[in-house]
Number of protein chains: 2
Amino acid sequence: MLTLTTFRSVPSFAAGYVRDLRVRWALEEAGLPYELRLLDFPDAALPAYRKEQPFSQIPMLQDGELKLFESGAILLHLGQRCPLLLPQDPDARAQVTVWMFAALNSVEPYLANLAVLDAFHAGEDWAAGARPAMEEMALKRLRDLDDWLAGRDWLAGDFSAADILMCSVVRLMDSTDLLQRFDRLRAYQARCMQRPAFKKALADQLALYKQEPAAA
Amino acid sequence: MLTLTTFRSVPSFAAGYVRDLRVRWALEEAGLPYELRLLDFPDAALPAYRKEQPFSQIPMLQDGELKLFESGAILLHLGQRCPLLLPQDPDARAQVTVWMFAALNSVEPYLANLAVLDAFHAGEDWAAGARPAMEEMALKRLRDLDDWLAGRDWLAGDFSAADILMCSVVRLMDSTDLLQRFDRLRAYQARCMQRPAFKKALADQLALYKQEPAAA
């Protein structure tokens with residue numbers, strides 16, 4: 001049995017963007033059923049949870065006795081049993097892992113900085129001064145990505161776990177207008193989000209957070 | 001033959017911290033000989049290089065016909081032929097990949113933000129205002145890591161590729177005094193850096209940048 005850990009409730013602006021979505025999407029692509037383990041937000045900071053997840057984050061995935069965190073590592077694990085997520089040919093597999101790490105280390109940090117600045121620091125004195133440098137870094141990565149997508153439908157050969165991670169990362173820009181400048185990237189994002197597995201995963205996350213009372 | 005791409009020269013403050021070090025270290029641990037391909041910094045922005053490395057970054061590793069970027073993906077690839085980097089038991093391997101992604105996605109972005117602020121934006125009006133929030137995020141991750149290391153010599157079982165990445169990430173704090181607060185983390189970093197493979201990799205990188213004129 002596969003068990004996915006996520007928060008029981010989140011602030012309303014986060015619904016549809018909680019990081020368990022990456023894992024839900026991969027599980028749907030792989031056709032693997034799973035159950036949820038719902039964590040109350042304050043409990044993430046307690047020693048019992050931090051023994052499993054030292055950074056107090058979600059998602060986690062339990063697969064039998066194995067407990068994993070980090071969405072990249074979870075998708076790599078699921079890829080062992082689903083060639084659609086991770087091809088079996090060693091060279092093709094290596095290229096998919098390149099793009100999984102690229103999404104999480106070369107792109108996400110820059111987009112997340114901008115999203116966090118806008119969401120949590122917009123009212124602070126220094127935020128307006130900091131924003132141009134942060135936007136410039138985010139734009140550089142978006143431009144690089146847009147260039148890479150010339151003549152490509154997916155990042156590395158066929159659709160893979162790398163596209164799940166990259167599309168999720170690019171969605172961090174939904175609250176900005178930066179994507180308007182990048183036609184290929186927007187078409188790529190739309191291609192990803194048209195997949196039935198994405199739609200099912202998103203609908204399931206939204207349904208959870210509609211049922212539950214919002215976090216304080 | 002393995003070929004590692006890195007910059008021909010770097011500003012003096014970067015010597016010893018260029019990201020090819022992660023790959024050099026892994027290659028030394030694995031006992032794999034390699035040659036260098038030296039890239040002039042401006043050439044990284046040219047279309048010819050961006051076809052191989054869309055973000056204009058180093059390192060890259062060429063292994064026969066296979067060309068890889070992203071240090072995490074390169075270490076994962078090298079781990080296929082070196083169980084010291086990546087154990088063969090599937091559950092142990094999964095835990096190592098958890099900590100590889102944790103180093104690059106849950107720790108590095110926060111430490112890098114602080115290091116980049118200090119190195120490149122210290123003179124700007126907004127930097128002093130931005131620093132407390134950035135330092136707080138970096139401290140949280142360092143504290144989480146320090147707690148995890150209680151009773152552990154390495155992040156996930158024996159020494160692995162995860163420790164190469166995490167030690168390299170933690171070294172981003174060398175220009176601050178934040179590590180002084182975390183005894184276990186400093187002991188861990190020292191344990192990593194006492195390894196002959198680390199010392200050899202560092203000495204080789206420093207030797208390269210001593211020979212070459214500094215970048216403009």
# chains A, B, ... in the order shown; residues from 1 in each chain; ligands from 1
>>> calpha_fit_and_write(fixed="chain A", moving="chain B", output="PDB file with C-alpha atoms, in the first residue's frame")
ATOM      1  CA  MET B   1      -0.016  -0.010  -0.053  1.00  0.00           C
ATOM      2  CA  LEU B   2       1.172   3.501  -0.841  1.00  0.00           C
ATOM      3  CA  THR B   3       0.450   6.247   1.663  1.00  0.00           C
ATOM      4  CA  LEU B   4       0.944   9.916   0.833  1.00  0.00           C
ATOM      5  CA  THR B   5       1.373  12.376   3.700  1.00  0.00           C
ATOM      6  CA  THR B   6       0.121  15.913   3.242  1.00  0.00           C
ATOM      7  CA  PHE B   7      -1.390  18.711   5.329  1.00  0.00           C
ATOM      8  CA  ARG B   8      -4.974  18.385   6.495  1.00  0.00           C
ATOM      9  CA  SER B   9      -5.630  22.017   5.664  1.00  0.00           C
ATOM     10  CA  VAL B  10      -3.798  24.945   4.079  1.00  0.00           C
ATOM     11  CA  PRO B  11      -4.444  28.678   3.616  1.00  0.00           C
ATOM     12  CA  SER B  12      -6.830  29.166   0.693  1.00  0.00           C
ATOM     13  CA  PHE B  13      -4.206  30.720  -1.605  1.00  0.00           C
ATOM     14  CA  ALA B  14      -2.151  27.528  -1.384  1.00  0.00           C
ATOM     15  CA  ALA B  15      -4.917  25.142  -2.467  1.00  0.00           C
ATOM     16  CA  GLY B  16      -3.936  23.693  -5.848  1.00  0.00           C
ATOM     17  CA  TYR B  17      -0.253  24.451  -5.210  1.00  0.00           C
ATOM     18  CA  VAL B  18       0.591  22.223  -2.223  1.00  0.00           C
ATOM     19  CA  ARG B  19       3.634  20.140  -3.013  1.00  0.00           C
ATOM     20  CA  ASP B  20       1.890  16.796  -2.624  1.00  0.00           C
ATOM     21  CA  LEU B  21       0.456  17.594  -6.074  1.00  0.00           C
ATOM     22  CA  ARG B  22       3.702  16.464  -7.684  1.00  0.00           C
ATOM     23  CA  VAL B  23       3.393  13.058  -6.077  1.00  0.00           C
ATOM     24  CA  ARG B  24      -0.367  12.753  -6.673  1.00  0.00           C
ATOM     25  CA  TRP B  25       0.223  13.510 -10.356  1.00  0.00           C
ATOM     26  CA  ALA B  26       2.979  10.902 -10.645  1.00  0.00           C
ATOM     27  CA  LEU B  27       0.823   8.308  -8.889  1.00  0.00           C
ATOM     28  CA  GLU B  28      -2.028   9.023 -11.325  1.00  0.00           C
ATOM     29  CA  GLU B  29       0.298   8.753 -14.331  1.00  0.00           C
ATOM     30  CA  ALA B  30       1.541   5.422 -12.960  1.00  0.00           C
ATOM     31  CA  GLY B  31      -1.983   4.201 -12.230  1.00  0.00           C
ATOM     32  CA  LEU B  32      -1.013   3.454  -8.638  1.00  0.00           C
ATOM     33  CA  PRO B  33      -3.744   3.741  -5.986  1.00  0.00           C
ATOM     34  CA  TYR B  34      -2.820   5.414  -2.696  1.00  0.00           C
ATOM     35  CA  GLU B  35      -4.294   6.553   0.538  1.00  0.00           C
ATOM     36  CA  LEU B  36      -3.752   9.823   2.356  1.00  0.00           C
ATOM     37  CA  ARG B  37      -2.308  10.444   5.791  1.00  0.00           C
ATOM     38  CA  LEU B  38      -3.375  13.915   6.870  1.00  0.00           C
ATOM     39  CA  LEU B  39      -1.085  15.950   9.063  1.00  0.00           C
ATOM     40  CA  ASP B  40      -2.180  18.922  11.139  1.00  0.00           C
ATOM     41  CA  PHE B  41       0.160  21.797  10.311  1.00  0.00           C
ATOM     42  CA  PRO B  42       1.457  22.332  13.893  1.00  0.00           C
ATOM     43  CA  ASP B  43       2.276  18.624  14.184  1.00  0.00           C
ATOM     44  CA  ALA B  44       4.865  18.944  11.427  1.00  0.00           C
ATOM     45  CA  ALA B  45       7.140  20.703  13.922  1.00  0.00           C
ATOM     46  CA  LEU B  46       6.854  17.980  16.573  1.00  0.00           C
ATOM     47  CA  PRO B  47       9.727  15.556  17.216  1.00  0.00           C
ATOM     48  CA  ALA B  48       7.638  12.553  16.135  1.00  0.00           C
ATOM     49  CA  TYR B  49       7.231  13.926  12.623  1.00  0.00           C
ATOM     50  CA  ARG B  50      10.704  15.407  12.417  1.00  0.00           C
ATOM     51  CA  LYS B  51      12.153  11.942  12.988  1.00  0.00           C
ATOM     52  CA  GLU B  52      10.577  11.022   9.653  1.00  0.00           C
ATOM     53  CA  GLN B  53      10.880  14.412   7.963  1.00  0.00           C
ATOM     54  CA  PRO B  54      13.640  16.530   9.501  1.00  0.00           C
ATOM     55  CA  PHE B  55      12.563  19.742   7.711  1.00  0.00           C
ATOM     56  CA  SER B  56       8.897  19.540   8.858  1.00  0.00           C
ATOM     57  CA  GLN B  57       7.754  19.451   5.230  1.00  0.00           C
ATOM     58  CA  ILE B  58       5.317  17.468   3.152  1.00  0.00           C
ATOM     59  CA  PRO B  59       4.980  15.368   1.007  1.00  0.00           C
ATOM     60  CA  MET B  60       6.155  12.027   2.312  1.00  0.00           C
ATOM     61  CA  LEU B  61       5.426   8.682   0.692  1.00  0.00           C
ATOM     62  CA  GLN B  62       5.308   5.394   2.540  1.00  0.00           C
ATOM     63  CA  ASP B  63       5.699   2.307   0.341  1.00  0.00           C
ATOM     64  CA  GLY B  64       5.518  -0.759   2.585  1.00  0.00           C
ATOM     65  CA  GLU B  65       8.260  -0.247   5.150  1.00  0.00           C
ATOM     66  CA  LEU B  66      10.025   2.410   3.136  1.00  0.00           C
ATOM     67  CA  LYS B  67       9.384   6.032   4.101  1.00  0.00           C
ATOM     68  CA  LEU B  68      10.560   8.682   1.670  1.00  0.00           C
ATOM     69  CA  PHE B  69      10.526  12.458   1.499  1.00  0.00           C
ATOM     70  CA  GLU B  70      11.642  15.008  -1.133  1.00  0.00           C
ATOM     71  CA  SER B  71       9.336  15.005  -4.138  1.00  0.00           C
ATOM     72  CA  GLY B  72      12.294  14.401  -6.475  1.00  0.00           C
ATOM     73  CA  ALA B  73      13.328  11.247  -4.615  1.00  0.00           C
ATOM     74  CA  ILE B  74       9.732  10.042  -4.416  1.00  0.00           C
ATOM     75  CA  LEU B  75       9.281  10.428  -8.178  1.00  0.00           C
ATOM     76  CA  LEU B  76      12.567   8.631  -8.790  1.00  0.00           C
ATOM     77  CA  HIS B  77      11.328   5.787  -6.589  1.00  0.00           C
ATOM     78  CA  LEU B  78       7.976   5.578  -8.373  1.00  0.00           C
ATOM     79  CA  GLY B  79       9.843   5.634 -11.674  1.00  0.00           C
ATOM     80  CA  GLN B  80      11.398   2.256 -10.809  1.00  0.00           C
ATOM     81  CA  ARG B  81       8.024   0.668 -11.435  1.00  0.00           C
ATOM     82  CA  CYS B  82       6.680   2.998 -14.100  1.00  0.00           C
ATOM     83  CA  PRO B  83       8.710   3.491 -17.314  1.00  0.00           C
ATOM     84  CA  LEU B  84       6.415   6.332 -18.322  1.00  0.00           C
ATOM     85  CA  LEU B  85       7.860   8.316 -15.404  1.00  0.00           C
ATOM     86  CA  LEU B  86      11.435   7.126 -15.881  1.00  0.00           C
ATOM     87  CA  PRO B  87      12.546   5.297 -19.026  1.00  0.00           C
ATOM     88  CA  GLN B  88      14.412   2.012 -18.625  1.00  0.00           C
ATOM     89  CA  ASP B  89      17.127   2.721 -21.174  1.00  0.00           C
ATOM     90  CA  PRO B  90      20.089   3.926 -19.061  1.00  0.00           C
ATOM     91  CA  ASP B  91      21.001   6.938 -21.226  1.00  0.00           C
ATOM     92  CA  ALA B  92      17.393   8.111 -21.546  1.00  0.00           C
ATOM     93  CA  ARG B  93      16.953   7.633 -17.810  1.00  0.00           C
ATOM     94  CA  ALA B  94      20.064   9.700 -17.103  1.00  0.00           C
ATOM     95  CA  GLN B  95      18.688  12.577 -19.213  1.00  0.00           C
ATOM     96  CA  VAL B  96      15.402  12.479 -17.318  1.00  0.00           C
ATOM     97  CA  THR B  97      17.262  12.681 -14.008  1.00  0.00           C
ATOM     98  CA  VAL B  98      19.232  15.660 -15.386  1.00  0.00           C
ATOM     99  CA  TRP B  99      15.959  17.514 -15.912  1.00  0.00           C
ATOM    100  CA  MET B 100      14.508  16.409 -12.572  1.00  0.00           C
ATOM    101  CA  PHE B 101      17.461  18.002 -10.801  1.00  0.00           C
ATOM    102  CA  ALA B 102      17.362  21.000 -13.156  1.00  0.00           C
ATOM    103  CA  ALA B 103      13.737  21.660 -12.189  1.00  0.00           C
ATOM    104  CA  LEU B 104      14.510  21.475  -8.472  1.00  0.00           C
ATOM    105  CA  ASN B 105      17.955  23.073  -8.301  1.00  0.00           C
ATOM    106  CA  SER B 106      18.417  25.323 -11.353  1.00  0.00           C
ATOM    107  CA  VAL B 107      14.863  26.642 -11.763  1.00  0.00           C
ATOM    108  CA  GLU B 108      12.702  26.291  -8.640  1.00  0.00           C
ATOM    109  CA  PRO B 109      14.907  28.291  -6.238  1.00  0.00           C
ATOM    110  CA  TYR B 110      14.751  31.428  -8.420  1.00  0.00           C
ATOM    111  CA  LEU B 111      11.031  31.210  -9.096  1.00  0.00           C
ATOM    112  CA  ALA B 112      10.311  30.406  -5.453  1.00  0.00           C
ATOM    113  CA  ASN B 113      12.273  33.463  -4.299  1.00  0.00           C
ATOM    114  CA  LEU B 114      10.039  35.719  -6.349  1.00  0.00           C
ATOM    115  CA  ALA B 115       6.845  33.933  -5.305  1.00  0.00           C
ATOM    116  CA  VAL B 116       7.815  34.045  -1.605  1.00  0.00           C
ATOM    117  CA  LEU B 117       8.757  37.726  -1.861  1.00  0.00           C
ATOM    118  CA  ASP B 118       5.365  38.590  -3.347  1.00  0.00           C
ATOM    119  CA  ALA B 119       3.369  36.363  -1.010  1.00  0.00           C
ATOM    120  CA  PHE B 120       5.086  36.994   2.315  1.00  0.00           C
ATOM    121  CA  HIS B 121       7.241  40.134   2.179  1.00  0.00           C
ATOM    122  CA  ALA B 122       5.411  42.504  -0.194  1.00  0.00           C
ATOM    123  CA  GLY B 123       4.641  44.965   2.611  1.00  0.00           C
ATOM    124  CA  GLU B 124       8.188  45.231   3.926  1.00  0.00           C
ATOM    125  CA  ASP B 125      10.443  48.222   3.234  1.00  0.00           C
ATOM    126  CA  TRP B 126      13.111  46.249   1.456  1.00  0.00           C
ATOM    127  CA  ALA B 127      10.850  44.174  -0.806  1.00  0.00           C
ATOM    128  CA  ALA B 128      10.512  46.726  -3.609  1.00  0.00           C
ATOM    129  CA  GLY B 129      14.277  47.162  -3.704  1.00  0.00           C
ATOM    130  CA  ALA B 130      14.954  43.436  -3.742  1.00  0.00           C
ATOM    131  CA  ARG B 131      12.398  42.575  -6.406  1.00  0.00           C
ATOM    132  CA  PRO B 132      14.232  43.659  -9.604  1.00  0.00           C
ATOM    133  CA  ALA B 133      17.238  41.406  -8.899  1.00  0.00           C
ATOM    134  CA  MET B 134      14.947  38.501  -8.032  1.00  0.00           C
ATOM    135  CA  GLU B 135      12.768  39.037 -11.094  1.00  0.00           C
ATOM    136  CA  GLU B 136      15.840  39.204 -13.315  1.00  0.00           C
ATOM    137  CA  MET B 137      17.062  35.827 -12.025  1.00  0.00           C
ATOM    138  CA  ALA B 138      13.635  34.251 -12.486  1.00  0.00           C
ATOM    139  CA  LEU B 139      13.347  35.675 -16.004  1.00  0.00           C
ATOM    140  CA  LYS B 140      16.735  34.309 -16.975  1.00  0.00           C
ATOM    141  CA  ARG B 141      15.721  30.785 -16.021  1.00  0.00           C
ATOM    142  CA  LEU B 142      12.347  31.092 -17.741  1.00  0.00           C
ATOM    143  CA  ARG B 143      14.066  32.340 -20.903  1.00  0.00           C
ATOM    144  CA  ASP B 144      16.583  29.483 -20.820  1.00  0.00           C
ATOM    145  CA  LEU B 145      13.746  27.025 -20.461  1.00  0.00           C
ATOM    146  CA  ASP B 146      11.722  28.637 -23.241  1.00  0.00           C
ATOM    147  CA  ASP B 147      14.736  28.381 -25.557  1.00  0.00           C
ATOM    148  CA  TRP B 148      15.255  24.718 -24.670  1.00  0.00           C
ATOM    149  CA  LEU B 149      11.646  23.949 -25.583  1.00  0.00           C
ATOM    150  CA  ALA B 150      12.128  25.076 -29.215  1.00  0.00           C
ATOM    151  CA  GLY B 151      11.235  22.000 -31.252  1.00  0.00           C
ATOM    152  CA  ARG B 152      10.523  19.926 -28.127  1.00  0.00           C
ATOM    153  CA  ASP B 153       7.224  18.810 -26.635  1.00  0.00           C
ATOM    154  CA  TRP B 154       8.827  17.544 -23.419  1.00  0.00           C
ATOM    155  CA  LEU B 155      12.082  18.263 -21.623  1.00  0.00           C
ATOM    156  CA  ALA B 156      13.896  14.982 -22.267  1.00  0.00           C
ATOM    157  CA  GLY B 157      12.444  12.761 -24.994  1.00  0.00           C
ATOM    158  CA  ASP B 158       8.948  11.571 -24.098  1.00  0.00           C
ATOM    159  CA  PHE B 159       6.865  12.870 -21.206  1.00  0.00           C
ATOM    160  CA  SER B 160       8.508  11.906 -17.907  1.00  0.00           C
ATOM    161  CA  ALA B 161       8.814  12.660 -14.201  1.00  0.00           C
ATOM    162  CA  ALA B 162      10.978  15.633 -15.200  1.00  0.00           C
ATOM    163  CA  ASP B 163       7.951  17.296 -16.804  1.00  0.00           C
ATOM    164  CA  ILE B 164       5.881  16.735 -13.657  1.00  0.00           C
ATOM    165  CA  LEU B 165       8.496  18.556 -11.604  1.00  0.00           C
ATOM    166  CA  MET B 166       9.161  21.341 -14.110  1.00  0.00           C
ATOM    167  CA  CYS B 167       5.502  22.090 -14.774  1.00  0.00           C
ATOM    168  CA  SER B 168       4.883  22.216 -11.021  1.00  0.00           C
ATOM    169  CA  VAL B 169       7.807  24.594 -10.597  1.00  0.00           C
ATOM    170  CA  VAL B 170       6.708  26.876 -13.438  1.00  0.00           C
ATOM    171  CA  ARG B 171       3.243  27.135 -11.852  1.00  0.00           C
ATOM    172  CA  LEU B 172       4.937  29.153  -9.076  1.00  0.00           C
ATOM    173  CA  MET B 173       4.745  32.026 -11.592  1.00  0.00           C
ATOM    174  CA  ASP B 174       0.939  31.874 -11.892  1.00  0.00           C
ATOM    175  CA  SER B 175       0.633  34.874  -9.584  1.00  0.00           C
ATOM    176  CA  THR B 176       2.885  36.984 -11.851  1.00  0.00           C
ATOM    177  CA  ASP B 177       2.637  38.000 -15.520  1.00  0.00           C
ATOM    178  CA  LEU B 178       6.127  36.796 -16.400  1.00  0.00           C
ATOM    179  CA  LEU B 179       4.982  33.785 -18.400  1.00  0.00           C
ATOM    180  CA  GLN B 180       3.234  36.081 -20.886  1.00  0.00           C
ATOM    181  CA  ARG B 181       6.618  36.684 -22.484  1.00  0.00           C
ATOM    182  CA  PHE B 182       7.295  33.024 -23.212  1.00  0.00           C
ATOM    183  CA  ASP B 183       5.002  31.399 -25.766  1.00  0.00           C
ATOM    184  CA  ARG B 184       6.741  28.039 -25.893  1.00  0.00           C
ATOM    185  CA  LEU B 185       6.828  27.754 -22.135  1.00  0.00           C
ATOM    186  CA  ARG B 186       3.122  28.568 -21.819  1.00  0.00           C
ATOM    187  CA  ALA B 187       2.302  26.005 -24.504  1.00  0.00           C
ATOM    188  CA  TYR B 188       4.430  23.441 -22.640  1.00  0.00           C
ATOM    189  CA  GLN B 189       2.710  24.189 -19.360  1.00  0.00           C
ATOM    190  CA  ALA B 190      -0.698  23.831 -21.030  1.00  0.00           C
ATOM    191  CA  ARG B 191       0.402  20.514 -22.587  1.00  0.00           C
ATOM    192  CA  CYS B 192       1.380  19.229 -19.143  1.00  0.00           C
ATOM    193  CA  MET B 193      -1.802  20.445 -17.489  1.00  0.00           C
ATOM    194  CA  GLN B 194      -4.049  18.907 -20.145  1.00  0.00           C
ATOM    195  CA  ARG B 195      -2.943  15.443 -19.109  1.00  0.00           C
ATOM    196  CA  PRO B 196      -5.761  13.536 -17.413  1.00  0.00           C
ATOM    197  CA  ALA B 197      -3.433  12.539 -14.576  1.00  0.00           C
ATOM    198  CA  PHE B 198      -2.666  16.179 -13.772  1.00  0.00           C
ATOM    199  CA  LYS B 199      -6.359  17.100 -13.851  1.00  0.00           C
ATOM    200  CA  LYS B 200      -7.266  14.229 -11.545  1.00  0.00           C
ATOM    201  CA  ALA B 201      -4.467  15.068  -9.101  1.00  0.00           C
ATOM    202  CA  LEU B 202      -5.393  18.746  -9.027  1.00  0.00           C
ATOM    203  CA  ALA B 203      -9.098  18.014  -8.577  1.00  0.00           C
ATOM    204  CA  ASP B 204      -8.310  15.646  -5.692  1.00  0.00           C
ATOM    205  CA  GLN B 205      -6.156  18.227  -3.943  1.00  0.00           C
ATOM    206  CA  LEU B 206      -8.744  20.964  -4.405  1.00  0.00           C
ATOM    207  CA  ALA B 207     -11.502  18.671  -3.138  1.00  0.00           C
ATOM    208  CA  LEU B 208      -9.553  17.965   0.049  1.00  0.00           C
ATOM    209  CA  TYR B 209      -9.033  21.626   0.834  1.00  0.00           C
ATOM    210  CA  LYS B 210     -12.610  22.535   0.071  1.00  0.00           C
ATOM    211  CA  GLN B 211     -13.887  20.047   2.670  1.00  0.00           C
ATOM    212  CA  GLU B 212     -11.515  21.059   5.373  1.00  0.00           C
ATOM    213  CA  PRO B 213     -11.584  24.312   7.311  1.00  0.00           C
ATOM    214  CA  ALA B 214      -8.761  26.654   6.395  1.00  0.00           C
ATOM    215  CA  ALA B 215      -5.727  26.804   8.645  1.00  0.00           C
ATOM    216  CA  ALA B 216      -5.571  29.681  11.079  1.00  0.00           C
TER     217      ALA B 216
END
>>> select_by_dssp(residues="region 138-187 of chain A", states="helix (DSSP H, G or I)", output="ChimeraX atom specification")
/A:138-148,161-175,178-181,183-187
>>> write_last_selection(atoms="N, CA and C atoms", output="JSON list (two decimals), in the first residue's frame")
[["chain", "number", "residue", "atom", "x", "y", "z"],
["A", 138, "ALA", "N", 14.76, 35.13, -12.08],
["A", 138, "ALA", "CA", 13.66, 34.25, -12.50],
["A", 138, "ALA", "C", 13.48, 34.31, -14.02],
["A", 139, "LEU", "N", 13.54, 35.53, -14.57],
["A", 139, "LEU", "CA", 13.37, 35.68, -16.02],
["A", 139, "LEU", "C", 14.45, 34.95, -16.79],
["A", 140, "LYS", "N", 15.68, 34.99, -16.30],
["A", 140, "LYS", "CA", 16.76, 34.30, -16.99],
["A", 140, "LYS", "C", 16.46, 32.80, -17.10],
["A", 141, "ARG", "N", 16.01, 32.22, -16.01],
["A", 141, "ARG", "CA", 15.73, 30.78, -16.05],
["A", 141, "ARG", "C", 14.53, 30.46, -16.94],
["A", 142, "LEU", "N", 13.52, 31.32, -16.89],
["A", 142, "LEU", "CA", 12.36, 31.10, -17.76],
["A", 142, "LEU", "C", 12.76, 31.21, -19.23],
["A", 143, "ARG", "N", 13.63, 32.16, -19.54],
["A", 143, "ARG", "CA", 14.08, 32.34, -20.92],
["A", 143, "ARG", "C", 14.89, 31.13, -21.39],
["A", 144, "ASP", "N", 15.79, 30.66, -20.51],
["A", 144, "ASP", "CA", 16.59, 29.47, -20.85],
["A", 144, "ASP", "C", 15.70, 28.27, -21.15],
["A", 145, "LEU", "N", 14.69, 28.14, -20.33],
["A", 145, "LEU", "CA", 13.76, 27.02, -20.48],
["A", 145, "LEU", "C", 12.96, 27.16, -21.77],
["A", 146, "ASP", "N", 12.49, 28.36, -22.03],
["A", 146, "ASP", "CA", 11.73, 28.63, -23.24],
["A", 146, "ASP", "C", 12.58, 28.31, -24.48],
["A", 147, "ASP", "N", 13.85, 28.69, -24.44],
["A", 147, "ASP", "CA", 14.76, 28.37, -25.56],
["A", 147, "ASP", "C", 14.91, 26.86, -25.73],
["A", 148, "TRP", "N", 15.07, 26.15, -24.63],
["A", 148, "TRP", "CA", 15.26, 24.70, -24.69],
["A", 148, "TRP", "C", 14.05, 24.02, -25.32],
["A", 161, "ALA", "N", 8.85, 12.05, -15.56],
["A", 161, "ALA", "CA", 8.81, 12.66, -14.21],
["A", 161, "ALA", "C", 9.43, 14.05, -14.22],
["A", 162, "ALA", "N", 10.37, 14.30, -15.13],
["A", 162, "ALA", "CA", 10.98, 15.63, -15.21],
["A", 162, "ALA", "C", 9.94, 16.69, -15.56],
["A", 163, "ASP", "N", 9.00, 16.34, -16.42],
["A", 163, "ASP", "CA", 7.95, 17.30, -16.81],
["A", 163, "ASP", "C", 6.99, 17.55, -15.65],
["A", 164, "ILE", "N", 6.73, 16.53, -14.86],
["A", 164, "ILE", "CA", 5.88, 16.73, -13.67],
["A", 164, "ILE", "C", 6.52, 17.78, -12.76],
["A", 165, "LEU", "N", 7.82, 17.62, -12.51],
["A", 165, "LEU", "CA", 8.50, 18.56, -11.61],
["A", 165, "LEU", "C", 8.59, 19.95, -12.24],
["A", 166, "MET", "N", 8.96, 20.03, -13.52],
["A", 166, "MET", "CA", 9.16, 21.34, -14.12],
["A", 166, "MET", "C", 7.84, 22.10, -14.26],
["A", 167, "CYS", "N", 6.79, 21.43, -14.68],
["A", 167, "CYS", "CA", 5.49, 22.11, -14.79],
["A", 167, "CYS", "C", 5.07, 22.62, -13.42],
["A", 168, "SER", "N", 5.28, 21.81, -12.39],
["A", 168, "SER", "CA", 4.90, 22.22, -11.03],
["A", 168, "SER", "C", 5.68, 23.45, -10.60],
["A", 169, "VAL", "N", 6.95, 23.48, -10.96],
["A", 169, "VAL", "CA", 7.81, 24.60, -10.61],
["A", 169, "VAL", "C", 7.38, 25.86, -11.36],
["A", 170, "VAL", "N", 7.10, 25.71, -12.64],
["A", 170, "VAL", "CA", 6.71, 26.88, -13.45],
["A", 170, "VAL", "C", 5.39, 27.46, -12.96],
["A", 171, "ARG", "N", 4.53, 26.63, -12.40],
["A", 171, "ARG", "CA", 3.26, 27.14, -11.85],
["A", 171, "ARG", "C", 3.45, 28.12, -10.71],
["A", 172, "LEU", "N", 4.65, 28.15, -10.12],
["A", 172, "LEU", "CA", 4.94, 29.16, -9.09],
["A", 172, "LEU", "C", 4.80, 30.58, -9.65],
["A", 173, "MET", "N", 4.87, 30.73, -10.97],
["A", 173, "MET", "CA", 4.75, 32.04, -11.60],
["A", 173, "MET", "C", 3.32, 32.41, -11.94],
["A", 174, "ASP", "N", 2.34, 31.58, -11.56],
["A", 174, "ASP", "CA", 0.94, 31.87, -11.89],
["A", 174, "ASP", "C", 0.48, 33.20, -11.31],
["A", 175, "SER", "N", 1.07, 33.62, -10.22],
["A", 175, "SER", "CA", 0.65, 34.88, -9.58],
["A", 175, "SER", "C", 1.37, 36.10, -10.17],
["A", 178, "LEU", "N", 4.88, 37.05, -15.69],
["A", 178, "LEU", "CA", 6.15, 36.79, -16.40],
["A", 178, "LEU", "C", 6.00, 35.78, -17.53],
["A", 179, "LEU", "N", 5.12, 34.83, -17.37],
["A", 179, "LEU", "CA", 5.00, 33.79, -18.41],
["A", 179, "LEU", "C", 4.45, 34.34, -19.72],
["A", 180, "GLN", "N", 3.81, 35.50, -19.65],
["A", 180, "GLN", "CA", 3.26, 36.09, -20.87],
["A", 180, "GLN", "C", 4.32, 36.30, -21.95],
["A", 181, "ARG", "N", 5.58, 36.42, -21.52],
["A", 181, "ARG", "CA", 6.64, 36.69, -22.49],
["A", 181, "ARG", "C", 7.14, 35.44, -23.20],
["A", 183, "ASP", "N", 6.09, 32.18, -25.11],
["A", 183, "ASP", "CA", 5.02, 31.40, -25.76],
["A", 183, "ASP", "C", 5.24, 29.90, -25.65],
["A", 184, "ARG", "N", 6.49, 29.49, -25.91],
["A", 184, "ARG", "CA", 6.75, 28.04, -25.89],
["A", 184, "ARG", "C", 6.54, 27.47, -24.50],
["A", 185, "LEU", "N", 6.95, 28.23, -23.50],
["A", 185, "LEU", "CA", 6.83, 27.75, -22.13],
["A", 185, "LEU", "C", 5.37, 27.65, -21.71],
["A", 186, "ARG", "N", 4.58, 28.66, -22.14],
["A", 186, "ARG", "CA", 3.15, 28.59, -21.81],
["A", 186, "ARG", "C", 2.48, 27.41, -22.52],
["A", 187, "ALA", "N", 2.87, 27.15, -23.77],
["A", 187, "ALA", "CA", 2.30, 26.02, -24.51],
["A", 187, "ALA", "C", 2.70, 24.70, -23.82]]
>>> select_by_dssp(residues="region 56-184 of chain B", states="strand (DSSP E)", output="compact mmCIF listing (two decimals) with C-alpha atoms, in the first residue's frame")
# COMPACT_ATOMS: atom_id res chain seq x y z
CA MET B 60 29.01 18.91 -17.20
CA LEU B 61 30.24 15.34 -17.44
CA GLN B 62 30.72 13.46 -20.68
CA ASP B 63 30.83 9.67 -20.34
CA LEU B 66 26.43 10.58 -22.86
CA LYS B 67 26.55 14.25 -21.86
CA LEU B 68 25.12 15.14 -18.47
CA PHE B 69 24.65 18.29 -16.43
